[in-house]
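Enquirer: Got a structure here, written out as structure tokens. Questions coming.
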Amino acid sequence: MKRKYSLFSHTSATVAAGLIIFQVVSGLAVAMNIVFPLAQRSANDLAIVLVLSARTWQESSAEKREDLEQELYKSHGLRISSVTHPLEETPSNYPYLDFLRTALNKSLPENQNLRLISDANEHFQVEFQQQGELIHFDLSKSILGPKPIVALAWTLLAGFLSTLIITWLLAGRITAPVARLLKAVRRIGQGEQPPKLPETGGFELAELAQAFNNSSQQLQARRENQTTLLAGISHDLRSPLARMKMALGVLAEEQSSPMIQRMERDIAEMDSLIGSQLELARAQEQEAAKTTDIKQLLTDVMDGSEAREPGRLMLRICTQGTINVAQVSLRRCLDNLITNALRYSGQGKVEVVCRQYHNAFCISVRDRGPGIPEDLIENIFRPFFRIESSRNRSTGGCGLGLAITRQLAETHGWYVAIKNRRGGGVSAWLIIL
């Protein structure tokens with residue numbers, strides 16, 4: 001199965017990756033061409049100061065050494081002394097020490113026991129030999145002045161945060177019209193008429209919104225025309241059918257005939273077919289939801305079916321509480337499923353079970369009839385579709401019950417499905433989210 005991803009996440013990832021790559025490349029360019037050369041130059045200058053200071057201090061008398069020490073501390077923040085025990089050099093991740101070590105190695109003769117550490121007091125400790133004497137320097141890191149590494153780090157951090165904000169805003173601006181379009185399409189699928197989309201933004205998005213608005217209005221007009229046409233056909237057909245039924249009734253009173261009875265059944269079947277067609281068309285109109293006691297609703301539906309087929313229904317409710325649902329549409333769906341199960345399960349029992357899983361109510365109608373071929377299960381929701389042998393007009397119905405159920409479910413955001421049961425029969429599921 002192909003992996004799905006949202007347009008928002010894809011756009012965000014693309015924009016963020018591009019900006020982050022740009023920042024990394026820019027940071028490397030700044031580091032290689034500005035930060036590192038400045039650090040090397042600063043290390044070279046400090047190395048020269050240290051070597052000259054050590055040489056001058058060593059060659060000075062005791063009185064002049066004190067004056068030189070004061071001058072070095074005042075001018076450069078350096079403390080100089082002669083020690084007998086060398087430093088214990090520990091590994092340091094301070095990059096400046098590497099530059100300073102390289103610069104001192106260039107300025108000092110070989111084998112001068114050079115040692116550099118960065119202590120916990122924000123000081124550098126530097127030792128090297130000068131004419132057989134071990135010279136020790138203590139200097140504060142603050143003498144380095146500007147900190148390009150810190151500046152670069154802050155710049156990259158600010159750039160990263162800016163990237164996140166820009167990515168979020170840009171992706172939201174791109175995906176917001178698509179999200180509005182998706183919401184409107186779903187409302188059309190539920191039989192509603194969504195409000196007009198704003199025809200603003202980029203040229204392509206404005207054109208898309210305008211095309212959608214026009215299509216939505218045309219579709220709504222077609223639905224209204226279809227409903228009006230079906231209502232007119234229903235009225236025009238049912239009026240002569242009623243007159244024919246009355247005339248046949250009069251004839252039946254005068255003379256009973258099998259042909260008259262057959263004509264009465266045909267008229268009743270035609271009337272039922274017209275009613276089902278109208279009901280299928282009206283199933284595309286969404287009904288307002290109401291707070292409903294699910295147990296009471298199921299009991300009422302079962303009582304109505306039990307009156308037609310006494311002793312064949314069993315109800316099992318494994319939940320309590322209320323649900324916000326379209327009552328009439330739900331009753332119609334359940335009645336269709338129960339009627340379908342009673343019709344095609346012979347004289348067997350039909351069980352209706354209701355369970356609740358988190359916020360979803362699952363109602364199943366189970367029978368032990370002949371079952372349905374697997375390749376035809378989805379087709380039975382099509383209008384007028386019939387399965388051969390047991391499912392023909394002699395069993396009743398006009399092939400629209402399950403089509404009406406599926407249309408009502410889709411209009412109200414429910415889910416309906418039918419599966420074969422182990423041991424025979426089918427289980428029809430209605431899931432209300």
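Chain labels follow the order of the structure tokens: the first chain is A, the next B, and so on; residue numbering restarts at 1 in every chain, and ligands are counted from 1 in their shown order.
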For region 345-362 of chain A, please output as a list in words all residues within 8 Å (counting only C-alpha atoms; exclusion window: fewer than 3 positions along the same chain).

Expert: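 Listing them by chain and then by number gives Arg312, Leu313, Met314, Leu315, Arg316, Ile317, Cys318, Thr319, Ile338, Ala341, Leu342, Val365, Arg366, Asp367, Arg368, Gly369, Pro370, Gly425, Trp429, Leu430, Ile431, Ile432 and Leu433 of chain A.
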
Enquirer: Based on the backbone DSSP call, show me all residues of region 173-380 of chain A assigned strand (DSSP E), as a PDB file with C-alpha atoms, in the first residue's frame.

Expert:
```
ATOM      1  CA  LYS A 290     -30.973  14.822  17.782  1.00  0.00           C
ATOM      2  CA  THR A 291     -29.981  13.405  21.150  1.00  0.00           C
ATOM      3  CA  THR A 292     -31.350   9.862  21.116  1.00  0.00           C
ATOM      4  CA  ASP A 293     -31.550   7.001  23.593  1.00  0.00           C
ATOM      5  CA  LEU A 313     -36.020 -11.461  16.188  1.00  0.00           C
ATOM      6  CA  MET A 314     -33.554 -11.300  19.096  1.00  0.00           C
ATOM      7  CA  LEU A 315     -32.112  -8.053  20.457  1.00  0.00           C
ATOM      8  CA  ARG A 316     -28.888  -7.821  22.446  1.00  0.00           C
ATOM      9  CA  ILE A 317     -27.697  -4.385  23.608  1.00  0.00           C
ATOM     10  CA  THR A 322     -27.457   8.515  24.321  1.00  0.00           C
ATOM     11  CA  ILE A 323     -26.144   9.393  20.895  1.00  0.00           C
ATOM     12  CA  ASN A 324     -26.486  12.489  18.714  1.00  0.00           C
ATOM     13  CA  VAL A 325     -27.922  11.024  15.523  1.00  0.00           C
ATOM     14  CA  VAL A 350     -32.308 -12.844  13.106  1.00  0.00           C
ATOM     15  CA  GLU A 351     -30.136 -11.330  15.832  1.00  0.00           C
ATOM     16  CA  VAL A 352     -29.562  -7.591  16.302  1.00  0.00           C
ATOM     17  CA  VAL A 353     -26.541  -6.661  18.451  1.00  0.00           C
ATOM     18  CA  CYS A 354     -25.444  -3.171  19.530  1.00  0.00           C
ATOM     19  CA  ARG A 355     -22.012  -2.447  21.003  1.00  0.00           C
ATOM     20  CA  GLN A 356     -20.057   0.707  21.749  1.00  0.00           C
ATOM     21  CA  TYR A 357     -16.342   1.085  21.009  1.00  0.00           C
ATOM     22  CA  ALA A 360     -18.543   4.685  17.890  1.00  0.00           C
ATOM     23  CA  PHE A 361     -21.746   2.632  18.046  1.00  0.00           C
ATOM     24  CA  CYS A 362     -21.692  -0.628  16.075  1.00  0.00           C
ATOM     25  CA  ILE A 363     -25.036  -2.244  15.251  1.00  0.00           C
ATOM     26  CA  SER A 364     -25.000  -5.631  13.539  1.00  0.00           C
ATOM     27  CA  VAL A 365     -27.883  -7.580  12.012  1.00  0.00           C
ATOM     28  CA  ARG A 366     -27.038 -11.298  11.740  1.00  0.00           C
TER      29      ARG A 366
END
```

Enquirer: Write out as JSON, numbers by chain which residues come within 9 Å of region 202-219 of chain A when counting only C-alpha atoms, dropping same-chain ones fewer than 5 positions away.

Expert: {"A": [177, 178, 181, 185, 188, 193, 194, 195, 196, 197, 224]}

Enquirer: Need the shell around Glu89 (chain A): protein/DNA/RNA residues with any atom at most 8 Å away, counting only C-alpha atoms. Skip same-chain ones fewer than 3 positions apart. Format as a PyMOL selection string?

Expert: chain A and resi 115-117

Enquirer: Give the answer as one residue: which of A:Met263, A:Ile166, A:Ala17, A:Leu400 has the shortest atom-to-atom distance to Asn336 (chain A), using only C-alpha atoms?

Expert: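 Ranking A:Met263, A:Ile166, A:Ala17, A:Leu400 by distance to Asn336 (chain A), first place goes to A:Leu400.
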
Enquirer: Could you tell me which of A:Ala403, A:Leu139, A:Ala31, A:Ala103 comes closest to Arg332 (chain A) if we count only C-alpha atoms?

Expert: A:Ala403

Enquirer: Just how far from CA of Ala171 (chain A) is CA of His10 (chain A), in Å to one decimal?

Expert: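 Result for CA of His10 (chain A) versus CA of Ala171 (chain A): 8.7 Å, one decimal.
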
Enquirer: So how far away is CA of Asp98 (chain A) from CA of Ala158 (chain A), in Å?

Expert: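 For CA of Ala158 (chain A) relative to CA of Asp98 (chain A), the distance reads 27.7 Å.
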
Enquirer: Quick one: of A:Ser142, A:Ser81, A:Thr56, A:Ser257, who's nearest to Glu127 (chain A), counting only C-alpha atoms?

Expert: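 Comparing A:Ser142, A:Ser81, A:Thr56, A:Ser257 against Glu127 (chain A), the winner is A:Ser81.
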
Enquirer: Rank nothing, just name the residue among A:His136, A:His412, A:Lys141, A:Arg421 nearest to Gln58 (chain A), using only C-alpha atoms.

Expert: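 So, comparing all the options, the nearest one is A:His136.
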
Enquirer: Please report the interatomic distance between CA of Lys419 (chain A) and CA of Thr339 (chain A) in Å with one decimal.

Expert: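 Value for the CA of Lys419 (chain A)-CA of Thr339 (chain A) distance: 16.7 Å.
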
Enquirer: Can you work out which one of A:Ala54, A:Leu100, A:Ala179, A:Leu157 has the shortest atom-to-atom distance to Ile135 (chain A), counting only C-alpha atoms?

Expert: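 Smallest separation from Ile135 (chain A) among the options: A:Ala54.
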
Enquirer: Can you work out which one of A:Leu50, A:Leu78, A:Ile267, A:Leu156 has the shortest atom-to-atom distance to Ser26 (chain A), counting only C-alpha atoms?

Expert: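 When distances to Ser26 (chain A) are compared using only C-alpha atoms, the smallest one comes from A:Leu156.
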
Enquirer: Can you pull out the residues contacting Ile377 (chain A)? Cut-off 12 Å, using only C-alpha atoms, and skip same-chain residues under 6 positions away; I want them as number ranges by chain.

Expert: A: 371, 385-387, 402, 416-420, 426-428

Enquirer: Hey, what does DSSP flag as alpha helix (DSSP H) within region 223-362 of chain A? Can you give it to me as a VMD selection string?

Expert: chain A and resid 223 to 254 258 to 282 294 to 308 327 to 344

Enquirer: Please dump the current selection as a PDB file, in the first residue's frame; keep C-alpha atoms.

Expert:
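selection-v3.pdb, written as the output of this step:
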```
ATOM      1  CA  ARG A 223     -30.281  17.845  -7.332  1.00  0.00           C
ATOM      2  CA  GLU A 224     -33.190  20.213  -6.917  1.00  0.00           C
ATOM      3  CA  ASN A 225     -34.358  19.542 -10.463  1.00  0.00           C
ATOM      4  CA  GLN A 226     -34.055  15.787  -9.889  1.00  0.00           C
ATOM      5  CA  THR A 227     -36.122  15.964  -6.712  1.00  0.00           C
ATOM      6  CA  THR A 228     -38.729  18.142  -8.410  1.00  0.00           C
ATOM      7  CA  LEU A 229     -38.824  15.804 -11.415  1.00  0.00           C
ATOM      8  CA  LEU A 230     -39.227  12.698  -9.256  1.00  0.00           C
ATOM      9  CA  ALA A 231     -41.946  14.373  -7.213  1.00  0.00           C
ATOM     10  CA  GLY A 232     -43.765  15.306 -10.401  1.00  0.00           C
ATOM     11  CA  ILE A 233     -43.390  11.812 -11.822  1.00  0.00           C
ATOM     12  CA  SER A 234     -44.613  10.343  -8.536  1.00  0.00           C
ATOM     13  CA  HIS A 235     -47.707  12.527  -8.588  1.00  0.00           C
ATOM     14  CA  ASP A 236     -48.402  11.957 -12.284  1.00  0.00           C
ATOM     15  CA  LEU A 237     -47.971   8.185 -12.002  1.00  0.00           C
ATOM     16  CA  ARG A 238     -49.632   7.582  -8.676  1.00  0.00           C
ATOM     17  CA  SER A 239     -52.830   9.416  -9.627  1.00  0.00           C
ATOM     18  CA  PRO A 240     -53.693   7.081 -12.560  1.00  0.00           C
ATOM     19  CA  LEU A 241     -52.460   4.114 -10.513  1.00  0.00           C
ATOM     20  CA  ALA A 242     -54.906   5.046  -7.755  1.00  0.00           C
ATOM     21  CA  ARG A 243     -57.744   5.296 -10.277  1.00  0.00           C
ATOM     22  CA  MET A 244     -56.777   1.913 -11.747  1.00  0.00           C
ATOM     23  CA  LYS A 245     -56.696   0.398  -8.268  1.00  0.00           C
ATOM     24  CA  MET A 246     -60.162   1.743  -7.515  1.00  0.00           C
ATOM     25  CA  ALA A 247     -61.499   0.437 -10.850  1.00  0.00           C
ATOM     26  CA  LEU A 248     -60.024  -3.005 -10.199  1.00  0.00           C
ATOM     27  CA  GLY A 249     -61.589  -2.986  -6.760  1.00  0.00           C
ATOM     28  CA  VAL A 250     -64.977  -2.336  -8.279  1.00  0.00           C
ATOM     29  CA  LEU A 251     -64.432  -5.106 -10.848  1.00  0.00           C
ATOM     30  CA  ALA A 252     -63.308  -7.528  -8.143  1.00  0.00           C
ATOM     31  CA  GLU A 253     -66.537  -6.905  -6.239  1.00  0.00           C
ATOM     32  CA  GLU A 254     -68.581  -7.729  -9.345  1.00  0.00           C
ATOM     33  CA  PRO A 258     -57.023 -14.334 -11.070  1.00  0.00           C
ATOM     34  CA  MET A 259     -56.123 -11.724 -13.689  1.00  0.00           C
ATOM     35  CA  ILE A 260     -57.640  -8.937 -11.595  1.00  0.00           C
ATOM     36  CA  GLN A 261     -55.687 -10.112  -8.553  1.00  0.00           C
ATOM     37  CA  ARG A 262     -52.469 -10.176 -10.603  1.00  0.00           C
ATOM     38  CA  MET A 263     -53.146  -6.634 -11.838  1.00  0.00           C
ATOM     39  CA  GLU A 264     -53.726  -5.462  -8.247  1.00  0.00           C
ATOM     40  CA  ARG A 265     -50.358  -6.953  -7.207  1.00  0.00           C
ATOM     41  CA  ASP A 266     -48.650  -5.257 -10.190  1.00  0.00           C
ATOM     42  CA  ILE A 267     -50.152  -1.898  -9.276  1.00  0.00           C
ATOM     43  CA  ALA A 268     -49.051  -2.326  -5.642  1.00  0.00           C
ATOM     44  CA  GLU A 269     -45.550  -3.223  -6.828  1.00  0.00           C
ATOM     45  CA  MET A 270     -45.414  -0.179  -9.116  1.00  0.00           C
ATOM     46  CA  ASP A 271     -46.543   2.071  -6.253  1.00  0.00           C
ATOM     47  CA  SER A 272     -43.875   0.590  -3.977  1.00  0.00           C
ATOM     48  CA  LEU A 273     -41.218   1.081  -6.651  1.00  0.00           C
ATOM     49  CA  ILE A 274     -42.152   4.750  -7.103  1.00  0.00           C
ATOM     50  CA  GLY A 275     -42.003   5.283  -3.341  1.00  0.00           C
ATOM     51  CA  SER A 276     -38.592   3.639  -3.093  1.00  0.00           C
ATOM     52  CA  GLN A 277     -37.233   5.781  -5.940  1.00  0.00           C
ATOM     53  CA  LEU A 278     -38.368   8.914  -4.152  1.00  0.00           C
ATOM     54  CA  GLU A 279     -36.869   7.683  -0.898  1.00  0.00           C
ATOM     55  CA  LEU A 280     -33.534   6.998  -2.605  1.00  0.00           C
ATOM     56  CA  ALA A 281     -33.472  10.539  -3.977  1.00  0.00           C
ATOM     57  CA  ARG A 282     -34.354  12.059  -0.600  1.00  0.00           C
ATOM     58  CA  ILE A 294     -30.007   4.237  21.483  1.00  0.00           C
ATOM     59  CA  LYS A 295     -31.640   1.457  23.505  1.00  0.00           C
ATOM     60  CA  GLN A 296     -35.114   2.950  23.151  1.00  0.00           C
ATOM     61  CA  LEU A 297     -34.656   3.528  19.413  1.00  0.00           C
ATOM     62  CA  LEU A 298     -33.566  -0.069  18.817  1.00  0.00           C
ATOM     63  CA  THR A 299     -36.445  -1.372  20.915  1.00  0.00           C
ATOM     64  CA  ASP A 300     -38.959   0.638  18.864  1.00  0.00           C
ATOM     65  CA  VAL A 301     -37.508  -0.601  15.567  1.00  0.00           C
ATOM     66  CA  MET A 302     -37.534  -4.195  16.820  1.00  0.00           C
ATOM     67  CA  ASP A 303     -41.164  -3.902  17.984  1.00  0.00           C
ATOM     68  CA  GLY A 304     -42.224  -2.789  14.523  1.00  0.00           C
ATOM     69  CA  SER A 305     -40.391  -5.674  12.840  1.00  0.00           C
ATOM     70  CA  GLU A 306     -41.586  -8.153  15.450  1.00  0.00           C
ATOM     71  CA  ALA A 307     -45.179  -7.237  14.608  1.00  0.00           C
ATOM     72  CA  ARG A 308     -44.578  -8.347  10.994  1.00  0.00           C
ATOM     73  CA  GLN A 327     -33.333   9.474  14.165  1.00  0.00           C
ATOM     74  CA  VAL A 328     -35.530   8.968  11.094  1.00  0.00           C
ATOM     75  CA  SER A 329     -32.585   8.050   8.845  1.00  0.00           C
ATOM     76  CA  LEU A 330     -31.197   5.614  11.418  1.00  0.00           C
ATOM     77  CA  ARG A 331     -34.591   3.955  11.838  1.00  0.00           C
ATOM     78  CA  ARG A 332     -34.884   3.591   8.071  1.00  0.00           C
ATOM     79  CA  CYS A 333     -31.390   2.042   7.784  1.00  0.00           C
ATOM     80  CA  LEU A 334     -32.044  -0.455  10.559  1.00  0.00           C
ATOM     81  CA  ASP A 335     -35.486  -1.331   9.229  1.00  0.00           C
ATOM     82  CA  ASN A 336     -34.017  -2.006   5.777  1.00  0.00           C
ATOM     83  CA  LEU A 337     -31.261  -4.227   7.182  1.00  0.00           C
ATOM     84  CA  ILE A 338     -33.663  -6.161   9.404  1.00  0.00           C
ATOM     85  CA  THR A 339     -36.224  -6.560   6.610  1.00  0.00           C
ATOM     86  CA  ASN A 340     -33.494  -7.778   4.267  1.00  0.00           C
ATOM     87  CA  ALA A 341     -32.288 -10.335   6.853  1.00  0.00           C
ATOM     88  CA  LEU A 342     -35.825 -11.596   7.560  1.00  0.00           C
ATOM     89  CA  ARG A 343     -36.622 -11.899   3.863  1.00  0.00           C
ATOM     90  CA  TYR A 344     -33.587 -13.957   2.858  1.00  0.00           C
TER      91      TYR A 344
END
```

Enquirer: Skip Tyr94 (chain A) itself and residues of its chain fewer than 2 positions away, then list as a list in words all residues within 12 Å of it, counting only C-alpha atoms.

Expert: Ala39, Thr90, Pro91, Ser92, Tyr96, Leu97, Asp98, Phe99, Leu100, Arg101, Leu116, Ile117, Ser118, Asp119, Ala120, Glu122, His123, Phe124, Lys141 and Ile149 of chain A
